[in-house]
>>> print(open('upload-v7.cif').read())   # mmCIF, C-alpha atoms
data_query
loop_
_atom_site.label_atom_id
_atom_site.label_comp_id
_atom_site.auth_asym_id
_atom_site.auth_seq_id
_atom_site.Cartn_x
_atom_site.Cartn_y
_atom_site.Cartn_z
CA MET E 271 3.72 4.16 20.82
CA TYR E 272 5.67 4.22 17.60
CA PHE E 273 4.74 4.38 13.95
CA LEU E 274 6.05 2.23 11.15
CA LEU E 275 5.86 4.34 8.06
CA ILE E 276 6.46 2.48 4.85
CA HIS E 277 6.99 4.68 1.86
CA ILE E 278 7.14 2.98 -1.49
CA ASP E 279 8.08 5.39 -4.26
CA SER E 280 6.95 4.90 -7.84
CA SER E 281 10.24 3.32 -8.94
CA GLU E 282 10.08 0.75 -6.12
CA LEU E 283 6.44 0.02 -6.95
CA PHE E 284 7.40 -0.44 -10.59
CA LEU E 285 10.06 -2.96 -9.51
CA LEU E 286 7.53 -4.79 -7.37
CA LYS E 287 5.00 -4.95 -10.18
CA SER E 288 7.79 -6.17 -12.48
CA LYS E 289 8.34 -9.08 -10.04
CA ASP E 290 11.79 -7.89 -8.97
CA LYS E 291 12.89 -10.32 -6.26
CA LYS E 292 15.14 -7.84 -4.44
CA ALA E 293 12.33 -5.27 -4.25
CA PHE E 294 10.01 -7.95 -2.87
CA GLU E 295 12.64 -8.93 -0.29
CA ARG E 296 12.82 -5.29 0.84
CA LEU E 297 9.03 -5.15 1.04
CA TYR E 298 8.92 -8.39 3.03
CA ASP E 299 11.67 -7.22 5.42
CA SER E 300 9.87 -3.94 6.11
CA THR E 301 6.39 -5.44 6.61
CA CYS E 302 6.75 -9.02 7.85
CA SER E 303 6.70 -8.20 11.58
CA MET E 304 3.51 -6.21 11.36
CA MET E 305 1.81 -8.70 9.05
CA TYR E 306 2.83 -11.61 11.28
CA GLY E 307 1.43 -9.73 14.27
CA LEU E 308 -1.89 -9.33 12.50
CA ALA E 309 -1.97 -13.00 11.47
CA LEU E 310 -1.14 -14.06 15.03
CA LYS E 311 -3.72 -11.67 16.51
CA ILE E 312 -6.45 -13.21 14.36
CA SER E 313 -5.39 -16.87 14.45
CA LYS E 314 -4.04 -16.96 18.02
CA ARG E 315 -1.76 -19.85 17.00
CA LYS E 316 1.87 -19.42 15.95
CA ILE E 317 1.95 -22.29 13.47
CA LEU E 318 -1.26 -21.16 11.79
CA ALA E 319 0.02 -17.56 11.71
CA GLU E 320 3.18 -18.75 9.94
CA ASP E 321 1.07 -20.59 7.34
CA ILE E 322 -1.08 -17.48 6.91
CA MET E 323 2.05 -15.40 6.35
CA HIS E 324 3.35 -17.79 3.72
CA ASP E 325 0.03 -17.90 1.88
CA SER E 326 -0.41 -14.13 2.14
CA TYR E 327 2.99 -13.24 0.73
CA VAL E 328 2.50 -15.71 -2.12
CA LYS E 329 -0.81 -13.95 -2.90
CA ILE E 330 0.88 -10.55 -2.64
CA TRP E 331 3.64 -11.69 -5.03
CA LYS E 332 1.17 -13.15 -7.52
CA ASN E 333 -1.23 -10.19 -7.39
CA ILE E 334 1.08 -7.19 -6.95
CA SER E 335 0.44 -6.20 -10.56
CA ASN E 336 -3.25 -5.74 -9.64
CA PHE E 337 -2.44 -3.29 -6.84
CA ASP E 338 -3.88 0.16 -7.54
CA GLU E 339 -2.25 2.98 -5.59
CA GLU E 340 -5.24 5.20 -6.36
CA ARG E 341 -7.53 2.94 -4.30
CA SER E 342 -5.37 2.38 -1.21
CA SER E 343 -1.87 2.38 0.16
CA LEU E 344 0.25 -0.69 -0.40
CA LEU E 345 0.26 -1.39 3.34
CA THR E 346 -3.55 -1.28 3.50
CA TRP E 347 -3.81 -3.59 0.50
CA MET E 348 -1.37 -6.06 2.04
CA THR E 349 -3.13 -5.92 5.42
CA GLN E 350 -6.43 -6.84 3.75
CA ILE E 351 -4.78 -9.82 2.06
CA VAL E 352 -3.35 -11.04 5.38
CA ARG E 353 -6.65 -10.44 7.19
CA ASN E 354 -8.71 -12.27 4.55
CA THR E 355 -6.23 -15.15 4.39
CA ALA E 356 -6.34 -15.44 8.18
CA ILE E 357 -10.13 -15.52 8.23
CA ASP E 358 -10.19 -18.14 5.46
CA SER E 359 -7.62 -20.23 7.34
CA LEU E 360 -9.63 -20.03 10.54
CA ARG E 361 -12.78 -21.09 8.74
CA ASN E 362 -10.96 -24.05 7.21
CA SER E 363 -9.31 -25.05 10.50
CA ASN E 364 -12.58 -24.60 12.42
CA ASN E 365 -14.25 -27.04 10.04
CA LYS E 366 -11.56 -29.57 10.93
CA HIS E 367 -11.29 -28.80 14.65
CA ILE E 368 -14.51 -27.62 16.28
CA GLN E 369 -13.88 -25.07 19.02
CA SER E 370 -16.24 -24.48 21.88
CA ASP E 371 -17.22 -20.91 22.72
CA ASP E 372 -15.48 -21.12 26.09
CA MET E 373 -12.13 -21.52 24.28
CA ILE E 374 -12.48 -18.22 22.41
CA VAL E 375 -10.54 -15.32 23.88
CA TYR E 376 -11.89 -11.95 22.86
CA PHE E 377 -9.68 -8.98 22.00
CA LYS E 378 -10.50 -6.81 24.99
CA ASP E 379 -9.30 -9.63 27.26
CA VAL E 380 -6.00 -10.14 25.41
CA PRO E 381 -3.07 -7.89 26.35
CA VAL E 382 -0.75 -6.82 23.56
CA GLU E 383 2.39 -8.82 24.31
CA ASN E 384 4.41 -7.97 21.23
CA PRO E 385 4.72 -4.32 20.17
CA LYS E 386 5.22 -5.46 16.56
CA ILE E 387 1.56 -6.52 16.49
CA ASP E 388 0.60 -2.86 16.60
CA ALA E 389 3.53 -1.46 14.68
CA ILE E 390 1.68 1.59 13.36
CA GLY E 391 0.12 2.44 16.72
CA LEU E 392 -3.40 1.73 15.52
CA SER E 393 -4.72 0.48 18.86
CA GLU E 394 -3.90 3.88 20.41
CA LEU E 395 -5.74 5.65 17.60
CA VAL E 396 -8.78 3.37 17.98
CA LYS E 397 -9.07 4.54 21.59
CA ASN E 398 -10.02 7.98 20.22
CA LEU E 399 -13.23 6.59 18.70
CA LYS E 400 -16.64 6.37 20.36
CA PRO E 401 -17.06 3.08 22.27
CA GLU E 402 -19.50 1.59 19.75
CA TYR E 403 -17.00 2.24 16.94
CA GLN E 404 -14.11 0.81 18.98
CA GLU E 405 -16.13 -2.34 19.55
CA VAL E 406 -16.85 -2.79 15.84
CA ILE E 407 -13.21 -2.22 14.83
CA ASN E 408 -11.98 -4.63 17.50
CA ILE E 409 -14.35 -7.38 16.46
CA LEU E 410 -13.93 -6.99 12.70
CA TYR E 411 -10.22 -6.23 12.41
CA TYR E 412 -8.56 -7.62 15.53
CA GLN E 413 -10.71 -10.70 16.09
CA GLY E 414 -11.35 -11.39 12.41
CA PHE E 415 -15.13 -11.73 12.56
CA THR E 416 -17.04 -11.39 9.32
CA HIS E 417 -19.68 -8.66 9.16
CA GLN E 418 -22.43 -11.23 9.59
CA GLU E 419 -20.71 -12.89 12.59
CA ALA E 420 -20.07 -9.51 14.22
CA SER E 421 -23.68 -8.47 13.67
CA GLU E 422 -24.91 -11.62 15.38
CA TYR E 423 -22.36 -11.41 18.19
CA LEU E 424 -23.19 -7.76 18.94
CA ASP E 425 -26.89 -8.36 18.36
CA ILE E 426 -27.27 -5.39 16.02
CA PRO E 427 -28.61 -5.28 12.45
CA LEU E 428 -26.06 -5.98 9.72
CA GLY E 429 -26.65 -2.58 8.10
CA THR E 430 -25.98 -0.80 11.40
CA LEU E 431 -22.76 -2.73 11.84
CA LYS E 432 -21.57 -1.87 8.33
CA THR E 433 -22.43 1.81 8.85
CA ARG E 434 -20.49 1.87 12.14
CA ALA E 435 -17.53 0.17 10.47
CA ARG E 436 -17.48 2.70 7.60
CA THR E 437 -17.84 5.63 9.98
CA ALA E 438 -15.11 4.27 12.27
CA LEU E 439 -12.71 3.78 9.35
CA SER E 440 -13.42 7.31 8.09
CA GLU E 441 -12.73 8.73 11.54
CA LEU E 442 -9.53 6.67 11.84
CA LYS E 443 -8.34 8.06 8.51
CA LEU E 444 -8.82 11.59 9.85
CA ILE E 445 -7.16 10.78 13.18
CA PHE E 446 -4.25 9.00 11.49
CA GLY E 447 -3.77 11.93 9.13
CA LYS E 448 -3.50 14.33 12.08
CA ASN E 449 -0.97 12.12 13.87
CA GLU E 450 1.21 11.72 10.76
CA HIS E 451 2.21 15.38 10.64
#
>>> encode(input="upload-v7.cif", output="structure tokens")
Amino acid sequence: MYFLLIHIDSSELFLLKSKDKKAFERLYDSTCSMMYGLALKISKRKILAEDIMHDSYVKIWKNISNFDEERSSLLTWMTQIVRNTAIDSLRNSNNKHIQSDDMIVYFKDVPVENPKIDAIGLSELVKNLKPEYQEVINILYYQGFTHQEASEYLDIPLGTLKTRARTALSELKLIFGKNEH
């Protein structure tokens, strides 16, 4: 397991928010492998993952001035953009190409083939959670289910799912903080 730690100091963030192309190139170079891994993990198709990456980095470029370092880290913010773009792309492609349930491969059945997919070692940290929290994180963040879809798939109330997700993310923050030092 290895950790990809991306530190963006205030001067680099200022350059990014000022739309400095060289700063954005550095950001792209340091994050593209991990973001592509996430897009591929959710979409399960290389061509779609490449489209997701393109769309995501365009959104990041256009909206970097809205990024608030008080609310989250830049990496977390970017990951949410990639995740949401991937989910939107899947919804759009699923409307065009209907998939049967027997074609869906679920996360626990998929081995991690590319270490870049888990560049910050998150899957190892998730293993420290209670099984019900692991399941929620896997379905929401690795498979790209919406809260409603995950609630239906797991056959638990939506409120329970959201509570488990919040609790799991809080515990991951604590675990990640311990492993950073």
>>> closest_residue(input="upload-v7.cif", among="E:Ser342, E:Thr349, E:Gln404, E:Asn398", to="Ser326 of chain E", atoms="only C-alpha atoms")
E:Thr349
>>> atom_distance(input="upload-v7.cif", atom1="atom CA of Asp299 of chain E", atom2="atom CA of Tyr327 of chain E")
11.6 Å
>>> resolve_selection(input="upload-v7.cif", expression="the PyMOL selection byres ((chain E and resi 406) around 9)", output="ChimeraX atom specification")
/E:401-405,407-411,420,424,431-432,434-435,438
>>> write_last_selection(input="upload-v7.cif", atoms="C-alpha atoms", output="compact mmCIF listing (two decimals), keeping the file's coordinate frame")
# COMPACT_ATOMS: atom_id res chain seq x y z
CA PRO E 401 -17.06 3.08 22.27
CA GLU E 402 -19.50 1.59 19.75
CA TYR E 403 -17.00 2.24 16.94
CA GLN E 404 -14.11 0.81 18.98
CA GLU E 405 -16.13 -2.34 19.55
CA ILE E 407 -13.21 -2.22 14.83
CA ASN E 408 -11.98 -4.63 17.50
CA ILE E 409 -14.35 -7.38 16.46
CA LEU E 410 -13.93 -6.99 12.70
CA TYR E 411 -10.22 -6.23 12.41
CA ALA E 420 -20.07 -9.51 14.22
CA LEU E 424 -23.19 -7.76 18.94
CA LEU E 431 -22.76 -2.73 11.84
CA LYS E 432 -21.57 -1.87 8.33
CA ARG E 434 -20.49 1.87 12.14
CA ALA E 435 -17.53 0.17 10.47
CA ALA E 438 -15.11 4.27 12.27
>>> resolve_selection(input="upload-v7.cif", expression="the PyMOL selection byres ((chain E and resi 323) around 9)", output="PyMOL selection string")
chain E and resi 302+305-306+309+318-322+324-328+352+355-356
>>> closest_residue(input="upload-v7.cif", among="E:Arg361, E:Lys291, E:Lys400, E:Arg315", to="Phe415 of chain E", atoms="all atoms listed in the file")
E:Arg361
>>> axis_aligned_box(input="upload-v7.cif", around="segment 416-433 of chain E", padding_each_side="6 Å", output="AutoDock Vina command-line options")
--center_x -22.8 --center_y -5.5 --center_z 13.5 --size_x 23.6 --size_y 26.7 --size_z 22.8
>>> atom_distance(input="upload-v7.cif", atom1="atom CA of Ser343 of chain E", atom2="atom CA of Phe284 of chain E")
14.5 Å
>>> atom_distance(input="upload-v7.cif", atom1="atom CA of Gln418 of chain E", atom2="atom CA of Ile312 of chain E")
16.8 Å
>>> closest_residue(input="upload-v7.cif", among="E:His417, E:Thr430, E:Ile445, E:Tyr412", to="Gly307 of chain E", atoms="all atoms listed in the file")
E:Tyr412
>>> residues_around(input="upload-v7.cif", residues="Asp338 of chain E", least_positions_apart="5", cutoff="12 Å", atoms="all atoms listed in the file", output="ChimeraX atom specification")
/E:280,283-284,287,333,343-348
>>> closest_residue(input="upload-v7.cif", among="E:Lys316, E:Tyr298, E:Ser288, E:Asn362", to="Asn336 of chain E", atoms="all atoms listed in the file")
E:Ser288
